[in-house]
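See structure below.
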Amino acid sequence: MGSYGNLVSTILGAPFWVQEALFMDVLGSFEEKLGFKADVKTEDIYVLYVPELTFKGKKEFDSHEHGHDPNLYKILQSILLKKRVVDITIDNFMSLEDTSKLLSECIKQEYIKPPVNEVVSASIYYMSGEIRLGEYAKRAKLIDVVQLDSAMRRQKELNMATGKVTPIGEVLIELGFLTKEAIAKIILIKDDSKRRFVFGGGASAPAQQSDDVAQSRMNIEMQQMKMQLQRYAQENQILKEKLRAVFNLQNKNK
């Protein structure tokens, strides 16, 4: 296989969320060079979303005050650099599911601003596993609350009649609220969010990292260790000052 074949193979073997970002980037390049505008709502594309750090998030990144998972601080660092979700995910050697879980936690902790776009917001919670397909479809405005209620009632009826759980996606299709293609896409997005992608290595479960990738990760970890040591040094200095104050007070009382 030639160089072009290898490139195509890498792209086609990548998770859907990577392919989606690549497609949008190429489309944007075509629009700029050929002078046309595609009818695509880029603001609805979750992987192109750029999270926004809050003052509280910047403070937590600088101080590590609450001792979160190190990956959360990697996410905050990437957000500080104004990176997109796809870049955050690949640069930190994560799956989209991993990134979504950390973004969800950052929103809860008020380290980043909640997305204004409802599709992006729904995607974060759906990819992280906090909401299921039916709730995602409602939040993403694919169906309304009345349709979701109807689907859940129908699902309950089918469950009782068959003695097994009928997927909500099948019910939504049966009721004509969503097409098979729409449900297949939602399921594909969810399934592929679990896959990681390392550039140069293609898609992987645990992908083999190149020397450059390993060195990049080591540099990040070294930087975090330095920040940790600096924080310990500051805490040690504060403790010394407190002990000195106590000692001076005791001398005055003698």
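Convention: chains lettered A, B, ... in structure tokens order; per-chain residue numbering from 1; ligands numbered from 1 as shown.
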
Determine, using only C-alpha atoms, which residues of stretch 110-153 of chain A have any atom at most 9 Å from an atom of stretch 57-60 of chain A, and tabulate each with its shortest atom pair and distance in Å to one decimal place, rows ordered by chain and then rising number, as a tab-separated table.
residue	atom	partner	partner_atom	distance
A:Glu110	CA	A:Gly57	CA	6.9
A:Tyr111	CA	A:Gly57	CA	3.6
A:Ile112	CA	A:Gly57	CA	6.2

Identify, with DSSP run on backbone atoms, the residues in stretch 87-216 of chain A assigned to helix (DSSP H, G or I), and express the list as a VMD selection string.
chain A and resid 87 to 91 96 to 108 118 to 127 133 to 139 145 to 162 168 to 174 180 to 192 211 to 216

Quick one: residues within 10 Å of stretch 124-139 of chain A, only C-alpha atoms, excluding same-chain residues fewer than 4 positions away - as an MDAnalysis selection string?
chainID A and resid 46:47 96:105 115 118:120 143:149 151:152 167:169 171:172 178 182:183 186:187 189:194

Output C-alpha atoms for every residue in that selection, as a compact mmCIF listing (two decimals), in the first residue's frame.
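Output file again.txt is given in full below:
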# COMPACT_ATOMS: atom_id res chain seq x y z
CA TYR A 46 -19.34 18.49 19.63
CA VAL A 47 -15.72 17.66 18.73
CA LEU A 96 -13.87 10.84 23.65
CA GLU A 97 -15.70 9.09 26.48
CA ASP A 98 -12.80 9.88 28.85
CA THR A 99 -12.77 13.52 27.80
CA SER A 100 -16.54 13.79 28.16
CA LYS A 101 -16.44 12.43 31.70
CA LEU A 102 -13.79 14.96 32.67
CA LEU A 103 -15.62 17.84 30.96
CA SER A 104 -18.79 16.85 32.82
CA GLU A 105 -16.88 16.90 36.11
CA PRO A 115 -22.03 24.95 26.87
CA GLU A 118 -27.89 22.28 23.61
CA VAL A 119 -26.52 19.65 21.22
CA VAL A 120 -22.99 20.06 22.59
CA ILE A 143 -37.58 14.65 19.64
CA ASP A 144 -39.68 16.61 22.11
CA VAL A 145 -40.64 15.76 25.70
CA VAL A 146 -44.10 14.50 24.67
CA GLN A 147 -42.58 12.08 22.16
CA LEU A 148 -40.06 10.82 24.73
CA ASP A 149 -42.85 10.24 27.26
CA ALA A 151 -41.83 6.24 23.73
CA MET A 152 -41.13 5.39 27.37
CA PRO A 167 -34.18 -0.65 23.45
CA ILE A 168 -35.64 2.85 23.41
CA GLY A 169 -34.12 3.36 19.97
CA VAL A 171 -39.36 2.15 20.12
CA LEU A 172 -38.57 5.58 18.68
CA LEU A 178 -36.75 8.90 14.49
CA ALA A 182 -30.72 8.57 12.90
CA ILE A 183 -30.70 5.92 15.63
CA ILE A 186 -26.48 8.04 17.63
CA ILE A 187 -25.42 4.50 18.59
CA ILE A 189 -21.27 7.99 18.02
CA LYS A 190 -21.67 6.44 21.47
CA ASP A 191 -19.81 3.22 20.62
CA ASP A 192 -16.92 5.00 18.89
CA SER A 193 -16.55 7.46 21.76
CA LYS A 194 -14.90 4.59 23.67

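For the pair atom CA of A:Trp17 and atom CA of A:Asp87, the interatomic distance is 11.1 Å.
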
Atom-to-atom span, atom CA of A:Val40 and atom CA of A:Ala122, Å:
18.6 Å
